[in-house]
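Next comes target-v8.pdb, a file with PDB, C-alpha atoms.
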ATOM      1  CA  MET I   5     -82.162  27.486 -58.079
ATOM      2  CA  THR I   6     -80.546  29.971 -60.462
ATOM      3  CA  ASP I   7     -76.849  29.839 -61.315
ATOM      4  CA  ARG I   8     -76.251  32.610 -58.763
ATOM      5  CA  LEU I   9     -78.041  30.658 -56.027
ATOM      6  CA  GLU I  10     -76.147  27.478 -56.938
ATOM      7  CA  LYS I  11     -72.847  29.315 -56.516
ATOM      8  CA  ILE I  12     -73.950  30.662 -53.147
ATOM      9  CA  PHE I  13     -75.120  27.167 -52.155
ATOM     10  CA  SER I  14     -71.699  25.710 -53.000
ATOM     11  CA  ILE I  15     -69.937  27.828 -50.354
ATOM     12  CA  ILE I  16     -72.371  27.033 -47.506
ATOM     13  CA  PRO I  17     -70.931  24.369 -45.163
ATOM     14  CA  GLU I  18     -72.909  21.403 -43.860
ATOM     15  CA  CYS I  19     -74.581  22.139 -40.527
ATOM     16  CA  GLU I  20     -77.183  21.108 -37.988
ATOM     17  CA  THR I  21     -79.332  24.244 -38.287
ATOM     18  CA  PHE I  22     -79.299  26.703 -41.182
ATOM     19  CA  ALA I  23     -80.967  30.140 -41.089
ATOM     20  CA  ASP I  24     -81.823  32.058 -44.254
ATOM     21  CA  ILE I  25     -82.372  35.723 -43.393
ATOM     22  CA  GLY I  26     -84.502  37.447 -46.009
ATOM     23  CA  CYS I  27     -85.307  34.051 -47.495
ATOM     24  CA  ASP I  28     -87.523  35.223 -50.386
ATOM     25  CA  HIS I  29     -88.977  32.068 -52.040
ATOM     26  CA  GLY I  30     -87.084  29.710 -49.721
ATOM     27  CA  TYR I  31     -85.131  27.985 -52.490
ATOM     28  CA  MET I  32     -81.857  27.940 -50.537
ATOM     29  CA  ALA I  33     -83.394  26.466 -47.394
ATOM     30  CA  HIS I  34     -85.180  23.859 -49.520
ATOM     31  CA  ALA I  35     -81.886  22.918 -51.217
ATOM     32  CA  MET I  36     -80.104  22.677 -47.858
ATOM     33  CA  LEU I  37     -82.660  20.086 -46.735
ATOM     34  CA  THR I  38     -83.142  18.117 -49.944
ATOM     35  CA  ARG I  39     -79.404  17.884 -50.624
ATOM     36  CA  ASP I  40     -78.613  16.876 -47.026
ATOM     37  CA  LYS I  41     -76.537  19.902 -46.084
ATOM     38  CA  ALA I  42     -78.680  20.750 -43.037
ATOM     39  CA  LYS I  43     -80.825  18.758 -40.625
ATOM     40  CA  ARG I  44     -83.055  21.717 -39.856
ATOM     41  CA  VAL I  45     -83.673  25.122 -41.443
ATOM     42  CA  ILE I  46     -85.107  28.450 -40.344
ATOM     43  CA  ILE I  47     -86.663  30.747 -42.932
ATOM     44  CA  ALA I  48     -86.976  34.369 -41.874
ATOM     45  CA  ASP I  49     -88.276  37.482 -43.590
ATOM     46  CA  ILE I  50     -89.459  40.884 -42.423
ATOM     47  CA  SER I  51     -92.636  40.492 -44.513
ATOM     48  CA  GLU I  52     -95.289  37.869 -43.815
ATOM     49  CA  LYS I  53     -96.368  38.135 -47.457
ATOM     50  CA  CYS I  54     -92.865  37.334 -48.722
ATOM     51  CA  LEU I  55     -92.452  34.579 -46.139
ATOM     52  CA  SER I  56     -95.659  32.883 -47.280
ATOM     53  CA  LYS I  57     -94.020  31.844 -50.579
ATOM     54  CA  ALA I  58     -91.215  30.094 -48.731
ATOM     55  CA  LYS I  59     -93.683  28.498 -46.317
ATOM     56  CA  ASP I  60     -95.588  27.015 -49.245
ATOM     57  CA  LEU I  61     -92.403  25.500 -50.681
ATOM     58  CA  LEU I  62     -91.272  24.104 -47.332
ATOM     59  CA  TYR I  63     -94.719  23.059 -46.085
ATOM     60  CA  PRO I  64     -93.898  19.327 -45.682
ATOM     61  CA  TYR I  65     -90.734  20.144 -43.701
ATOM     62  CA  ILE I  66     -92.563  22.651 -41.498
ATOM     63  CA  ASN I  67     -95.095  19.947 -40.702
ATOM     64  CA  SER I  68     -92.362  17.454 -39.846
ATOM     65  CA  GLY I  69     -90.498  19.944 -37.643
ATOM     66  CA  ARG I  70     -87.401  20.197 -39.846
ATOM     67  CA  ALA I  71     -88.252  23.751 -40.926
ATOM     68  CA  LYS I  72     -89.438  26.761 -38.953
ATOM     69  CA  SER I  73     -90.695  30.080 -40.324
ATOM     70  CA  VAL I  74     -90.240  33.370 -38.490
ATOM     71  CA  VAL I  75     -91.367  36.891 -39.359
ATOM     72  CA  ALA I  76     -88.321  38.812 -38.212
ATOM     73  CA  ASN I  77     -86.202  41.874 -38.801
ATOM     74  CA  GLY I  78     -82.800  40.318 -39.427
ATOM     75  CA  PHE I  79     -81.756  37.849 -36.711
ATOM     76  CA  MET I  80     -84.010  39.423 -34.078
ATOM     77  CA  GLY I  81     -86.392  36.731 -32.844
ATOM     78  CA  VAL I  82     -84.722  34.012 -34.940
ATOM     79  CA  PRO I  83     -83.767  30.830 -33.019
ATOM     80  CA  ASP I  84     -80.072  29.959 -32.747
ATOM     81  CA  SER I  85     -78.436  28.412 -35.810
ATOM     82  CA  ASP I  86     -74.996  27.129 -36.772
ATOM     83  CA  VAL I  87     -74.879  28.837 -40.173
ATOM     84  CA  GLY I  88     -76.666  31.979 -41.293
ATOM     85  CA  LEU I  89     -77.111  33.330 -44.812
ATOM     86  CA  ILE I  90     -77.801  36.902 -45.883
ATOM     87  CA  ALA I  91     -77.830  37.272 -49.666
ATOM     88  CA  GLY I  92     -79.033  39.863 -52.138
ATOM     89  CA  MET I  93     -79.064  42.868 -49.815
ATOM     90  CA  GLY I  94     -76.946  46.007 -49.777
ATOM     91  CA  GLY I  95     -73.813  45.985 -47.667
ATOM     92  CA  GLU I  96     -75.028  48.699 -45.312
ATOM     93  CA  GLU I  97     -78.270  46.796 -44.717
ATOM     94  CA  ILE I  98     -76.305  43.627 -43.956
ATOM     95  CA  CYS I  99     -74.143  45.545 -41.472
ATOM     96  CA  THR I 100     -77.253  46.916 -39.755
ATOM     97  CA  ILE I 101     -78.691  43.400 -39.429
ATOM     98  CA  LEU I 102     -75.450  42.019 -37.995
ATOM     99  CA  THR I 103     -74.799  44.828 -35.520
ATOM    100  CA  SER I 104     -78.439  44.802 -34.322
ATOM    101  CA  ALA I 105     -78.456  41.081 -33.531
ATOM    102  CA  LYS I 106     -78.201  39.928 -29.916
ATOM    103  CA  THR I 107     -76.632  36.648 -30.996
ATOM    104  CA  LEU I 108     -75.140  35.534 -34.300
ATOM    105  CA  PRO I 109     -74.284  32.114 -35.764
ATOM    106  CA  GLN I 110     -70.788  30.668 -35.589
ATOM    107  CA  THR I 111     -70.627  30.849 -39.387
ATOM    108  CA  LEU I 112     -72.048  33.385 -41.830
ATOM    109  CA  VAL I 113     -72.340  33.377 -45.612
ATOM    110  CA  LEU I 114     -72.840  36.888 -46.947
ATOM    111  CA  GLN I 115     -73.550  38.024 -50.504
ATOM    112  CA  PRO I 116     -73.827  41.820 -50.539
ATOM    113  CA  MET I 117     -74.965  43.575 -53.697
ATOM    114  CA  LYS I 118     -72.831  46.655 -52.966
ATOM    115  CA  ASN I 119     -70.578  48.208 -50.295
ATOM    116  CA  THR I 120     -68.781  44.912 -49.674
ATOM    117  CA  ASP I 121     -65.853  46.825 -48.160
ATOM    118  CA  LYS I 122     -68.133  47.957 -45.335
ATOM    119  CA  VAL I 123     -69.251  44.363 -44.729
ATOM    120  CA  ARG I 124     -65.625  43.213 -44.478
ATOM    121  CA  LEU I 125     -64.871  45.826 -41.841
ATOM    122  CA  CYS I 126     -68.111  45.051 -40.004
ATOM    123  CA  VAL I 127     -67.597  41.288 -39.661
ATOM    124  CA  VAL I 128     -63.999  41.684 -38.474
ATOM    125  CA  LYS I 129     -65.133  44.218 -35.869
ATOM    126  CA  LEU I 130     -67.821  41.762 -34.732
ATOM    127  CA  GLY I 131     -65.196  39.071 -34.148
ATOM    128  CA  TYR I 132     -65.275  37.045 -37.359
ATOM    129  CA  LYS I 133     -62.433  35.691 -39.451
ATOM    130  CA  ILE I 134     -62.882  35.838 -43.216
ATOM    131  CA  GLU I 135     -62.338  32.326 -44.595
ATOM    132  CA  LYS I 136     -63.395  32.993 -48.190
ATOM    133  CA  ASP I 137     -64.018  36.270 -50.012
ATOM    134  CA  TYR I 138     -64.216  36.430 -53.788
ATOM    135  CA  VAL I 139     -66.055  37.687 -56.872
ATOM    136  CA  PHE I 140     -68.074  35.336 -59.067
ATOM    137  CA  LYS I 141     -69.842  35.911 -62.356
ATOM    138  CA  SER I 142     -73.395  34.824 -63.095
ATOM    139  CA  ALA I 143     -75.618  35.844 -66.024
ATOM    140  CA  ASN I 144     -73.082  38.503 -67.039
ATOM    141  CA  LYS I 145     -73.208  40.146 -63.613
ATOM    142  CA  PHE I 146     -70.581  40.134 -60.884
ATOM    143  CA  TYR I 147     -71.255  39.329 -57.235
ATOM    144  CA  ASP I 148     -69.179  39.321 -54.055
ATOM    145  CA  ILE I 149     -69.493  36.423 -51.635
ATOM    146  CA  MET I 150     -67.959  35.825 -48.212
ATOM    147  CA  LEU I 151     -67.709  32.923 -45.773
ATOM    148  CA  VAL I 152     -66.810  34.053 -42.257
ATOM    149  CA  VAL I 153     -66.408  32.172 -38.973
ATOM    150  CA  LYS I 154     -65.969  33.462 -35.443
ATOM    151  CA  GLY I 155     -62.332  34.310 -34.769
ATOM    152  CA  LYS I 156     -59.773  37.108 -34.975
ATOM    153  CA  ASP I 157     -58.732  38.692 -38.252
ATOM    154  CA  THR I 158     -57.006  41.772 -39.616
ATOM    155  CA  LEU I 159     -57.311  43.223 -43.096
ATOM    156  CA  THR I 160     -55.017  45.305 -45.254
ATOM    157  CA  GLU I 161     -56.409  48.284 -47.156
ATOM    158  CA  GLN I 162     -56.276  46.232 -50.366
ATOM    159  CA  GLU I 163     -58.134  43.325 -48.749
ATOM    160  CA  ILE I 164     -60.829  45.688 -47.481
ATOM    161  CA  GLU I 165     -61.342  47.137 -50.946
ATOM    162  CA  PHE I 166     -60.953  44.065 -53.155
ATOM    163  CA  GLY I 167     -61.218  40.925 -51.004
ATOM    164  CA  ARG I 168     -58.431  38.640 -49.842
ATOM    165  CA  ASP I 169     -59.004  35.724 -52.243
ATOM    166  CA  ASN I 170     -59.330  38.034 -55.228
ATOM    167  CA  ILE I 171     -55.918  39.542 -54.514
ATOM    168  CA  LYS I 172     -54.240  36.204 -53.841
ATOM    169  CA  GLU I 173     -55.786  34.063 -56.558
ATOM    170  CA  LYS I 174     -56.772  36.589 -59.246
ATOM    171  CA  SER I 175     -59.456  34.329 -60.666
ATOM    172  CA  GLN I 176     -60.715  34.897 -64.197
ATOM    173  CA  ASP I 177     -63.992  36.263 -62.809
ATOM    174  CA  PHE I 178     -62.080  38.832 -60.756
ATOM    175  CA  ILE I 179     -59.913  39.798 -63.743
ATOM    176  CA  ASP I 180     -63.054  40.211 -65.861
ATOM    177  CA  PHE I 181     -64.622  42.315 -63.095
ATOM    178  CA  ILE I 182     -61.624  44.650 -62.926
ATOM    179  CA  SER I 183     -61.400  44.789 -66.726
ATOM    180  CA  GLN I 184     -65.030  45.880 -66.886
ATOM    181  CA  LYS I 185     -64.311  48.665 -64.386
ATOM    182  CA  LEU I 186     -61.340  49.802 -66.480
ATOM    183  CA  VAL I 187     -63.450  49.949 -69.639
ATOM    184  CA  ARG I 188     -66.009  52.130 -67.847
ATOM    185  CA  LEU I 189     -63.273  54.410 -66.534
ATOM    186  CA  ASP I 190     -61.760  54.811 -70.002
ATOM    187  CA  SER I 191     -65.173  55.695 -71.387
ATOM    188  CA  ILE I 192     -65.636  58.430 -68.783
ATOM    189  CA  LEU I 193     -62.084  59.714 -69.219
ATOM    190  CA  LEU I 194     -62.719  60.213 -72.935
ATOM    191  CA  SER I 195     -65.605  62.508 -72.083
ATOM    192  CA  GLN I 196     -65.077  66.240 -72.096
ATOM    193  CA  ASP I 197     -67.652  66.759 -69.338
ATOM    194  CA  ILE I 198     -65.519  65.943 -66.290
ATOM    195  CA  SER I 199     -63.442  68.322 -64.206
ATOM    196  CA  GLU I 200     -59.687  68.123 -63.984
ATOM    197  CA  LEU I 201     -59.983  67.086 -60.344
ATOM    198  CA  ASP I 202     -62.298  64.188 -61.246
ATOM    199  CA  ARG I 203     -60.030  63.225 -64.112
ATOM    200  CA  GLU I 204     -57.046  63.105 -61.771
ATOM    201  CA  LYS I 205     -58.941  60.910 -59.296
ATOM    202  CA  MET I 206     -60.026  58.535 -62.061
ATOM    203  CA  LEU I 207     -56.496  58.229 -63.409
ATOM    204  CA  LYS I 208     -55.277  57.260 -59.937
ATOM    205  CA  THR I 209     -58.079  54.693 -59.665
ATOM    206  CA  LYS I 210     -57.187  53.326 -63.085
ATOM    207  CA  GLU I 211     -53.545  52.965 -62.086
ATOM    208  CA  LYS I 212     -54.574  51.061 -58.952
ATOM    209  CA  LEU I 213     -56.909  48.722 -60.848
ATOM    210  CA  GLN I 214     -54.380  47.904 -63.556
ATOM    211  CA  LYS I 215     -52.253  46.072 -60.986
ATOM    212  CA  TYR I 216     -54.879  43.324 -60.842
ATOM    213  CA  VAL I 217     -55.201  42.474 -64.565
TER     214      VAL I 217
END

Could you render the structure as structure tokens?
Amino acid sequence: MTDRLEKIFSIIPECETFADIGCDHGYMAHAMLTRDKAKRVIIADISEKCLSKAKDLLYPYINSGRAKSVVANGFMGVPDSDVGLIAGMGGEEICTILTSAKTLPQTLVLQPMKNTDKVRLCVVKLGYKIEKDYVFKSANKFYDIMLVVKGKDTLTEQEIEFGRDNIKEKSQDFIDFISQKLVRLDSILLSQDISELDREKMLKTKEKLQKYV
């Protein structure tokens, strides 16, 4: 369990059945069982080869019936669960998985690597309420994470772009994230190789970002 996985683990609620979609080595499902956050787990991956690593780790629990492995594309063919996790994928890929599913868990934990704004719009359209949505830092990289439950929600333009908790709480990780973006913008703006139109767009972006630091 890396620091990033520990931070994802901390946001996952206790449940009866936990499903890890794209489970990789199965570390999260293993932690959910060994730390008594779930009674049963489902590990799912599109690749049998990738799934085999998780099956090896969870072999005793598979034998006892507390874990089940499924070769699946997203949630398709995955038994019902209370909480589902999709972590480490692009936002568009996460949206495709969610919109393709016939049924979805009551609660989802999502950790997109990019295009988080699209994920926010997607989950609200699918009938989820965003309970938590923030940036965290791990190994000098920044990650978005969301906890959503079935219910109605509406988002402002700022919440779609930056995340509700980031705007409200302005955590140090979020401030550092915005500061890093501002440094990159300043570096590009000092370059002579950008058009006036691009420069104007970047200055507007910079002005918008400066409100959050």

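Of the residues listed (I:Leu151, I:Thr38, I:Ser73, I:Tyr138), I:Leu151 shows the shortest atom-to-atom separation from I:Ile16; distances use only C-alpha atoms.
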
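Closest approach to I:Pro109 among I:Thr209, I:Thr21, I:Gln214, I:Ser142 is made by I:Thr21 (distances from only C-alpha atoms).
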
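Put simply, the PyMOL selection byres ((chain I and resi 95-103) around 6) in this file takes in Gly78, Gly94, Ser104, Ala105, Pro116, Lys118, Asn119, Thr120 and Val123 of chain I.
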
* Can you tell me, as a PyMOL selection string, what residues are no more than 8 Å from I:Ile47 when counting all atoms listed in the file, ignoring any on the same chain fewer than 6 positions away? -> chain I and resi 23-27+30+33+55+58+71-74

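Atom CA of I:Asp190 to atom CA of I:Met206 spans 8.9 Å [interatomic distance, one decimal].
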
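Nearest residue to I:Pro17, choosing from I:Lys205, I:Lys41, I:Lys172, I:Arg70 and counting only C-alpha atoms: I:Lys41.
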
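Closest to I:Glu173 among I:Lys136, I:Lys57, I:Lys43, I:His34 is I:Lys136, based on only C-alpha atoms.
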
* With a distance cut-off of 7 Å and only C-alpha atoms, select the neighbouring residues of I:Asp177, excluding the residue or stretch itself and same-chain residues fewer than 5 positions from it, and output the selection as JSON, numbers by chain. => {"I": [139, 140, 141]}

Would you put the residues from that selection into a file with C-alpha atoms, as a PDB file, in the frame of the given file?
ATOM      1  CA  VAL I 139     -66.055  37.687 -56.872  1.00  0.00           C
ATOM      2  CA  PHE I 140     -68.074  35.336 -59.067  1.00  0.00           C
ATOM      3  CA  LYS I 141     -69.842  35.911 -62.356  1.00  0.00           C
TER       4      LYS I 141
END

* To do: Would you mind telling me which residue in I:Met32, I:Leu130, I:Ile171, I:Val113 lies nearest to I:Lys156 when using all atoms listed in the file?
  => I:Leu130
